[in-house]
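Colleague: See final.cif below, with mmCIF, C-alpha atoms and all ligand atoms.
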data_coords
#
loop_
_atom_site.label_atom_id
_atom_site.label_comp_id
_atom_site.auth_asym_id
_atom_site.auth_seq_id
_atom_site.Cartn_x
_atom_site.Cartn_y
_atom_site.Cartn_z
CA MET E 1 84.60 112.43 69.26
CA LEU E 2 84.54 113.50 72.88
CA ASN E 3 86.97 112.04 75.43
CA ILE E 4 86.44 112.96 79.06
CA ILE E 5 88.31 111.91 82.18
CA ILE E 6 86.44 111.95 85.49
CA PHE E 7 89.13 112.50 88.10
CA GLY E 8 89.14 112.46 91.88
CA LYS E 9 90.10 110.73 95.09
CA PRO E 10 88.77 107.25 95.95
CA GLY E 11 85.05 107.49 96.63
CA SER E 12 84.69 110.96 95.14
CA GLY E 13 81.90 109.66 92.88
CA LYS E 14 83.79 109.06 89.61
CA GLY E 15 81.98 105.81 88.84
CA THR E 16 78.63 107.10 90.06
CA GLN E 17 78.73 110.24 87.91
CA ALA E 18 80.25 108.55 84.84
CA SER E 19 77.34 106.07 84.83
CA LEU E 20 74.84 108.91 85.11
CA ILE E 21 76.15 110.98 82.19
CA LYS E 22 77.49 108.43 79.68
CA ASP E 23 74.17 108.03 77.83
CA LYS E 24 73.54 111.76 77.57
CA TYR E 25 76.70 112.14 75.46
CA ASP E 26 76.59 108.63 73.94
CA LEU E 27 80.01 107.77 75.36
CA ILE E 28 81.57 104.43 76.23
CA HIS E 29 82.22 104.32 79.98
CA ILE E 30 85.52 102.63 80.86
CA SER E 31 86.11 102.07 84.56
CA THR E 32 89.45 100.36 85.17
CA GLY E 33 88.25 99.41 88.67
CA ASP E 34 85.17 97.67 87.21
CA VAL E 35 87.26 95.81 84.61
CA PHE E 36 89.63 94.61 87.34
CA ARG E 37 86.70 93.55 89.54
CA LYS E 38 85.05 91.68 86.64
CA ASN E 39 88.31 89.82 85.98
CA THR E 40 88.70 89.04 89.67
CA SER E 41 85.23 87.53 89.87
CA LEU E 42 85.87 85.50 86.68
CA GLY E 43 89.16 84.28 88.18
CA THR E 44 91.28 85.29 85.15
CA ASP E 45 95.07 85.65 85.48
CA LEU E 46 94.64 89.44 85.18
CA GLY E 47 92.03 89.39 87.96
CA LYS E 48 94.21 87.25 90.25
CA GLU E 49 97.16 89.60 89.77
CA ALA E 50 95.08 92.77 90.22
CA LYS E 51 93.44 91.42 93.39
CA LYS E 52 96.83 91.21 95.13
CA PHE E 53 97.14 95.00 94.93
CA MET E 54 93.49 96.10 95.14
CA SER E 55 92.85 94.15 98.34
CA LYS E 56 95.68 96.10 100.03
CA GLY E 57 94.41 99.47 98.77
CA GLU E 58 97.37 99.81 96.41
CA LEU E 59 97.30 100.79 92.75
CA VAL E 60 97.67 97.93 90.29
CA PRO E 61 101.09 98.24 88.51
CA ASP E 62 101.12 100.45 85.41
CA LYS E 63 102.21 97.70 83.00
CA ILE E 64 99.12 95.60 83.77
CA THR E 65 96.71 98.57 83.85
CA ILE E 66 97.92 100.23 80.64
CA GLY E 67 97.80 96.96 78.66
CA MET E 68 94.27 96.33 79.85
CA LEU E 69 93.10 99.86 79.07
CA GLU E 70 94.52 99.69 75.54
CA ALA E 71 92.65 96.44 74.90
CA GLU E 72 89.42 97.99 76.22
CA ILE E 73 89.72 101.05 73.97
CA LYS E 74 90.45 98.92 70.91
CA SER E 75 87.47 96.68 71.61
CA PHE E 76 85.06 99.67 71.51
CA HIS E 77 86.66 101.88 68.85
CA PRO E 78 85.18 103.36 66.63
CA CYS E 79 82.56 105.08 68.82
CA ASN E 80 81.47 108.61 69.77
CA GLY E 81 84.06 108.85 72.50
CA PHE E 82 85.00 107.65 75.96
CA ILE E 83 84.42 108.60 79.54
CA PHE E 84 87.38 107.35 81.54
CA ASP E 85 86.70 106.69 85.22
CA GLY E 86 89.65 105.78 87.43
CA PHE E 87 92.15 106.04 84.59
CA PRO E 88 94.74 107.53 84.39
CA ARG E 89 96.00 107.33 87.96
CA THR E 90 99.74 107.86 87.35
CA ILE E 91 101.80 110.10 85.07
CA LEU E 92 102.93 107.07 83.06
CA GLN E 93 99.28 106.06 82.52
CA ALA E 94 98.43 109.61 81.38
CA GLU E 95 101.36 109.68 78.95
CA SER E 96 100.34 106.28 77.57
CA LEU E 97 96.75 107.43 77.11
CA ASP E 98 97.93 110.55 75.24
CA LYS E 99 100.11 108.40 72.96
CA LEU E 100 97.35 105.91 72.28
CA LEU E 101 94.80 108.61 71.46
CA THR E 102 97.26 110.63 69.36
CA ASN E 103 98.05 107.53 67.30
CA ASN E 104 94.35 107.42 66.44
CA ASN E 105 94.15 111.19 65.75
CA LEU E 106 92.27 111.68 69.02
CA SER E 107 92.95 113.48 72.30
CA VAL E 108 91.66 114.00 75.83
CA ASP E 109 89.19 116.90 75.62
CA LEU E 110 88.44 117.54 79.28
CA VAL E 111 89.46 116.38 82.76
CA VAL E 112 86.89 117.10 85.47
CA ALA E 113 87.87 116.53 89.09
CA LEU E 114 85.24 115.90 91.77
CA GLU E 115 86.38 117.64 94.96
CA VAL E 116 85.26 115.98 98.20
CA ASP E 117 86.84 116.27 101.66
CA ASN E 118 88.62 113.21 103.11
CA LYS E 119 86.21 112.80 106.05
CA THR E 120 83.23 112.48 103.67
CA LEU E 121 85.18 110.08 101.42
CA VAL E 122 85.99 107.74 104.30
CA GLU E 123 82.32 107.81 105.42
CA ARG E 124 81.07 107.05 101.87
CA LEU E 125 83.47 104.14 101.38
CA ILE E 126 82.90 102.57 104.80
CA ASN E 127 79.20 102.86 104.09
CA ARG E 128 79.54 101.24 100.65
CA GLY E 129 81.69 98.49 102.20
CA LYS E 130 78.71 97.35 104.29
CA THR E 131 76.95 96.09 101.15
CA SER E 132 79.50 96.01 98.30
CA GLY E 133 81.61 93.15 99.59
CA ARG E 134 84.61 95.08 98.22
CA THR E 135 87.69 94.14 100.23
CA ASP E 136 89.21 97.60 99.65
CA ASP E 137 86.23 99.29 101.35
CA GLN E 138 86.37 97.14 104.47
CA SER E 139 88.57 99.14 106.84
CA GLU E 140 89.62 102.69 107.47
CA GLU E 141 93.23 101.51 107.24
CA LYS E 142 92.75 100.31 103.63
CA ILE E 143 90.86 103.45 102.70
CA ASN E 144 93.66 105.58 104.14
CA LYS E 145 96.16 103.54 102.09
CA ARG E 146 94.12 104.37 98.95
CA LEU E 147 94.12 108.06 99.87
CA GLU E 148 97.91 107.88 100.39
CA GLU E 149 98.33 106.24 96.93
CA TYR E 150 96.27 109.11 95.49
CA GLU E 151 98.51 111.76 97.15
CA ASN E 152 101.74 110.09 96.02
CA LYS E 153 100.89 108.83 92.54
CA THR E 154 97.68 110.39 91.24
CA LYS E 155 97.70 114.00 92.49
CA PRO E 156 100.64 114.96 90.18
CA LEU E 157 98.18 114.51 87.28
CA ILE E 158 96.49 117.76 88.30
CA ASN E 159 99.48 119.77 87.06
CA PHE E 160 99.94 117.44 84.09
CA TYR E 161 96.45 118.32 82.81
CA LYS E 162 96.59 121.95 84.00
CA ASN E 163 99.64 122.35 81.77
CA GLN E 164 97.52 121.03 78.88
CA GLU E 165 94.75 123.50 79.88
CA LYS E 166 92.25 120.65 80.21
CA PHE E 167 91.75 120.50 83.98
CA ILE E 168 88.63 121.78 85.75
CA SER E 169 87.53 120.93 89.27
CA ILE E 170 83.99 121.00 90.62
CA ASN E 171 82.42 120.49 94.02
CA GLY E 172 81.65 116.75 94.30
CA PHE E 173 79.85 117.14 97.63
CA GLY E 174 76.06 117.22 97.78
CA ASP E 175 73.06 115.54 96.28
CA LEU E 176 73.82 113.19 93.32
CA ASN E 177 71.71 115.27 90.91
CA GLU E 178 73.35 118.51 92.00
CA VAL E 179 76.80 117.06 91.23
CA THR E 180 75.56 115.68 87.88
CA ASN E 181 74.20 119.12 86.92
CA ARG E 182 77.53 120.78 87.78
CA LEU E 183 79.32 118.21 85.63
CA ILE E 184 76.94 118.58 82.68
CA SER E 185 77.26 122.34 82.72
CA ILE E 186 81.09 122.10 82.51
CA ILE E 187 80.94 119.52 79.70
CA ASP E 188 78.36 121.52 77.75
CA SER E 189 80.40 124.69 78.00
CA THR E 190 83.48 122.80 76.75
CA ILE E 191 81.82 121.26 73.71
CA SER E 192 79.70 124.25 72.70
P1 LIG E 201 87.79 102.42 91.52
O1 LIG E 201 86.95 101.28 91.14
O2 LIG E 201 88.18 103.40 90.47
O3 LIG E 201 86.93 103.11 92.63
P2 LIG E 201 86.91 104.23 93.70
O4 LIG E 201 88.09 105.14 93.56
O5 LIG E 201 86.75 103.50 94.97
O6 LIG E 201 85.57 105.02 93.60
P3 LIG E 201 84.80 106.13 92.79
O7 LIG E 201 85.40 107.50 92.85
O8 LIG E 201 84.46 105.59 91.44
O9 LIG E 201 83.52 106.27 93.71
P4 LIG E 201 82.04 105.81 93.51
O10 LIG E 201 81.36 106.57 92.44
O11 LIG E 201 82.00 104.33 93.44
O12 LIG E 201 89.17 101.90 92.17
C1 LIG E 201 89.29 100.78 93.02
C2 LIG E 201 90.70 100.20 92.99
O13 LIG E 201 91.01 99.63 91.67
C3 LIG E 201 91.89 101.15 93.21
O14 LIG E 201 92.13 101.40 94.59
C4 LIG E 201 93.05 100.37 92.53
O15 LIG E 201 93.55 99.34 93.33
C5 LIG E 201 92.39 99.74 91.33
N1 LIG E 201 92.52 100.60 90.12
C6 LIG E 201 91.48 101.13 89.41
N2 LIG E 201 91.94 101.87 88.38
C7 LIG E 201 93.31 101.82 88.44
C8 LIG E 201 94.35 102.41 87.68
N3 LIG E 201 94.10 103.21 86.64
N4 LIG E 201 95.64 102.14 88.02
C9 LIG E 201 95.92 101.33 89.04
N5 LIG E 201 94.98 100.76 89.84
C10 LIG E 201 93.67 101.00 89.54
O16 LIG E 201 81.40 106.34 94.89
C11 LIG E 201 81.80 105.81 96.15
C12 LIG E 201 80.60 105.74 97.09
O17 LIG E 201 80.09 107.04 97.32
C13 LIG E 201 79.42 104.93 96.51
O18 LIG E 201 78.86 104.18 97.53
C14 LIG E 201 78.44 106.00 96.02
O19 LIG E 201 77.11 105.56 96.06
C15 LIG E 201 78.71 107.13 97.01
N6 LIG E 201 78.48 108.44 96.44
C16 LIG E 201 78.89 108.89 95.21
N7 LIG E 201 78.51 110.17 95.02
C17 LIG E 201 77.85 110.56 96.16
C18 LIG E 201 77.21 111.77 96.59
N8 LIG E 201 77.17 112.86 95.82
N9 LIG E 201 76.67 111.80 97.81
C19 LIG E 201 76.69 110.70 98.62
N10 LIG E 201 77.25 109.52 98.27
C20 LIG E 201 77.83 109.45 97.06
#
Kindly present the structure from the file in structure tokens form.
Ligand code: B4P
Modeller:
Amino acid sequence: MLNIIIFGKPGSGKGTQASLIKDKYDLIHISTGDVFRKNTSLGTDLGKEAKKFMSKGELVPDKITIGMLEAEIKSFHPCNGFIFDGFPRTILQAESLDKLLTNNNLSVDLVVALEVDNKTLVERLINRGKTSGRTDDQSEEKINKRLEEYENKTKPLINFYKNQEKFISINGFGDLNEVTNRLISIIDSTIS
């Protein structure tokens, strides 16, 4: 099994790249953002709760997110592995993921971060907001709040995974295919 985390700031291309490579490695793509958005559009209790935080650019509380992620993993297991996009985003989420995988004799194999400067991120998200209808993409203020959440809660994961010798960062700026090729070359060198 191969378990990969695609890591990065909001708008760095985690979802875009995970969708492009999942079939190549026959992995199940789990995007916590997509699961929250699906629940929001279905009007479930989970979706209503998540919307309160997402619409303000804040992270959804760990208890809700971890429970949801565990249910997602169980619903797809057994499989060839997972590509996690947007999870984990806090140390508690990372510890919970480690525990869950260890209990199934599995582990995170690789964490790849997509590095993109903040100016480009804001441009990408404002641009996506014109067509996505996503409330969290609608203003620079909300996008800045998401970047602040990343700095305070998500960035500490870099050292968490560096300590496990699983963290690699690549340039996430440039043509989509260029970024995909950089990602594939890192994954291939890890699994070979
Ligand atoms: P997510 O859905 O994870 O989304 P994201 O951070 O906005 O974007 P991503 O990095 O996937 O960028 P994308 O490929 O779409 O999170 C949304 C919210 O959900 C969070 O703020 C939080 O509230 C909640 N949430 C999710 N997971 C959570 C968790 N674990 N814990 C707590 N809360 C959680 O790309 C962005 C744009 O850039 C797109 O328009 C794309 O087309 C464009 N783009 C991508 N790559 C490009 C490139 N190379 N060049 C030009 N444009 C590019």
Colleague: Please write out the residues within 8 Å of ligand LIG 201 (chain E) as a PyMOL selection string, counting all atoms listed in the file.
Modeller: chain E and resi 7-18+31-34+36-37+50-51+53-62+65-66+85-90+93+121+124-125+127-129+136-137+146+172-179
Colleague: Suppose you want the space between CA of Ile187 (chain E) and CA of Lys38 (chain E); what is it in Å?
Modeller: 29.0 Å
Colleague: Between E:Leu100, E:Ile170, E:Leu157, E:Ile28, which is the closest to Val112 (chain E) once you count all atoms listed in the file?
Modeller: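 Of E:Leu100, E:Ile170, E:Leu157, E:Ile28, the one nearest Val112 (chain E), counting all atoms listed in the file, is E:Ile170.
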Colleague: Quick one: distance from CA of Leu20 (chain E) to CA of Ile6 (chain E) in Å, one decimal?
Modeller: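 Value for the CA of Leu20 (chain E)-CA of Ile6 (chain E) distance: 12.0 Å.
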Colleague: One number please: CA of Asn3 (chain E) to CA of Asn181 (chain E), in Å, one decimal.
Modeller: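 Atom-to-atom, CA of Asn3 (chain E) and CA of Asn181 (chain E) are spaced 18.6 Å apart.
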Colleague: Just the residues within 10 Å of Leu110 (chain E), please, counting all atoms listed in the file, with nothing from its chain fewer than 6 positions along; format it as number ranges by chain.
Modeller: E: 2-6, 83, 161, 164-168, 186-187, 190-191
Colleague: How would the residues just picked look written out with C-alpha atoms as a PDB file, keeping the file's coordinate frame?
Modeller:
ATOM      1  CA  LEU E   2      84.540 113.500  72.880  1.00  0.00           C
ATOM      2  CA  ASN E   3      86.970 112.040  75.430  1.00  0.00           C
ATOM      3  CA  ILE E   4      86.440 112.960  79.060  1.00  0.00           C
ATOM      4  CA  ILE E   5      88.310 111.910  82.180  1.00  0.00           C
ATOM      5  CA  ILE E   6      86.440 111.950  85.490  1.00  0.00           C
ATOM      6  CA  ILE E  83      84.420 108.600  79.540  1.00  0.00           C
ATOM      7  CA  TYR E 161      96.450 118.320  82.810  1.00  0.00           C
ATOM      8  CA  GLN E 164      97.520 121.030  78.880  1.00  0.00           C
ATOM      9  CA  GLU E 165      94.750 123.500  79.880  1.00  0.00           C
ATOM     10  CA  LYS E 166      92.250 120.650  80.210  1.00  0.00           C
ATOM     11  CA  PHE E 167      91.750 120.500  83.980  1.00  0.00           C
ATOM     12  CA  ILE E 168      88.630 121.780  85.750  1.00  0.00           C
ATOM     13  CA  ILE E 186      81.090 122.100  82.510  1.00  0.00           C
ATOM     14  CA  ILE E 187      80.940 119.520  79.700  1.00  0.00           C
ATOM     15  CA  THR E 190      83.480 122.800  76.750  1.00  0.00           C
ATOM     16  CA  ILE E 191      81.820 121.260  73.710  1.00  0.00           C
TER      17      ILE E 191
END
Colleague: Can you report as JSON the centre and edge lengths in Å, to one decimal, of an axis-aligned box around the listed atoms of region 128-132 of chain E padded with 5 Å on each side?
Modeller:
{"center_x": 79.3, "center_y": 98.6, "center_z": 101.3, "size_x": 14.7, "size_y": 15.2, "size_z": 16.0}
Colleague: Which one of E:Leu42, E:Leu27, E:Ile126, E:Ile143 sits closest to Phe84 (chain E) if you count only C-alpha atoms?
Modeller: E:Leu27
Colleague: Go through E:Thr154, E:Asn159, E:Ser75, E:Thr180 and flag the residue nearest Lys24 (chain E), using all atoms listed in the file for the distances.
Modeller: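 Distance minimum relative to Lys24 (chain E) lands on E:Thr180.
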Colleague: What's the 8 Å shell around Leu46 (chain E), counting only C-alpha atoms, without same-chain residues fewer than 5 positions away, as a PDB file with C-alpha atoms, in the coordinates of the input?
Modeller:
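The resulting result.pdb:
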ATOM      1  CA  PHE E  36      89.630  94.610  87.340  1.00  0.00           C
ATOM      2  CA  ASN E  39      88.310  89.820  85.980  1.00  0.00           C
ATOM      3  CA  THR E  40      88.700  89.040  89.670  1.00  0.00           C
ATOM      4  CA  ILE E  64      99.120  95.600  83.770  1.00  0.00           C
TER       5      ILE E  64
END
Colleague: Which residue, E:Ile30, E:Leu101, E:Ile21, E:Ala113, has the smallest gap to Asp188 (chain E) when you use only C-alpha atoms?
Modeller: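 Closest to Asp188 (chain E) of all the choices is E:Ile21.
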Colleague: Between E:Glu70, E:Asn118, E:Thr44, E:Gln138, single out the one closest to Asp98 (chain E), counting only C-alpha atoms.
Modeller: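 Comparing E:Glu70, E:Asn118, E:Thr44, E:Gln138 against Asp98 (chain E), the winner is E:Glu70.
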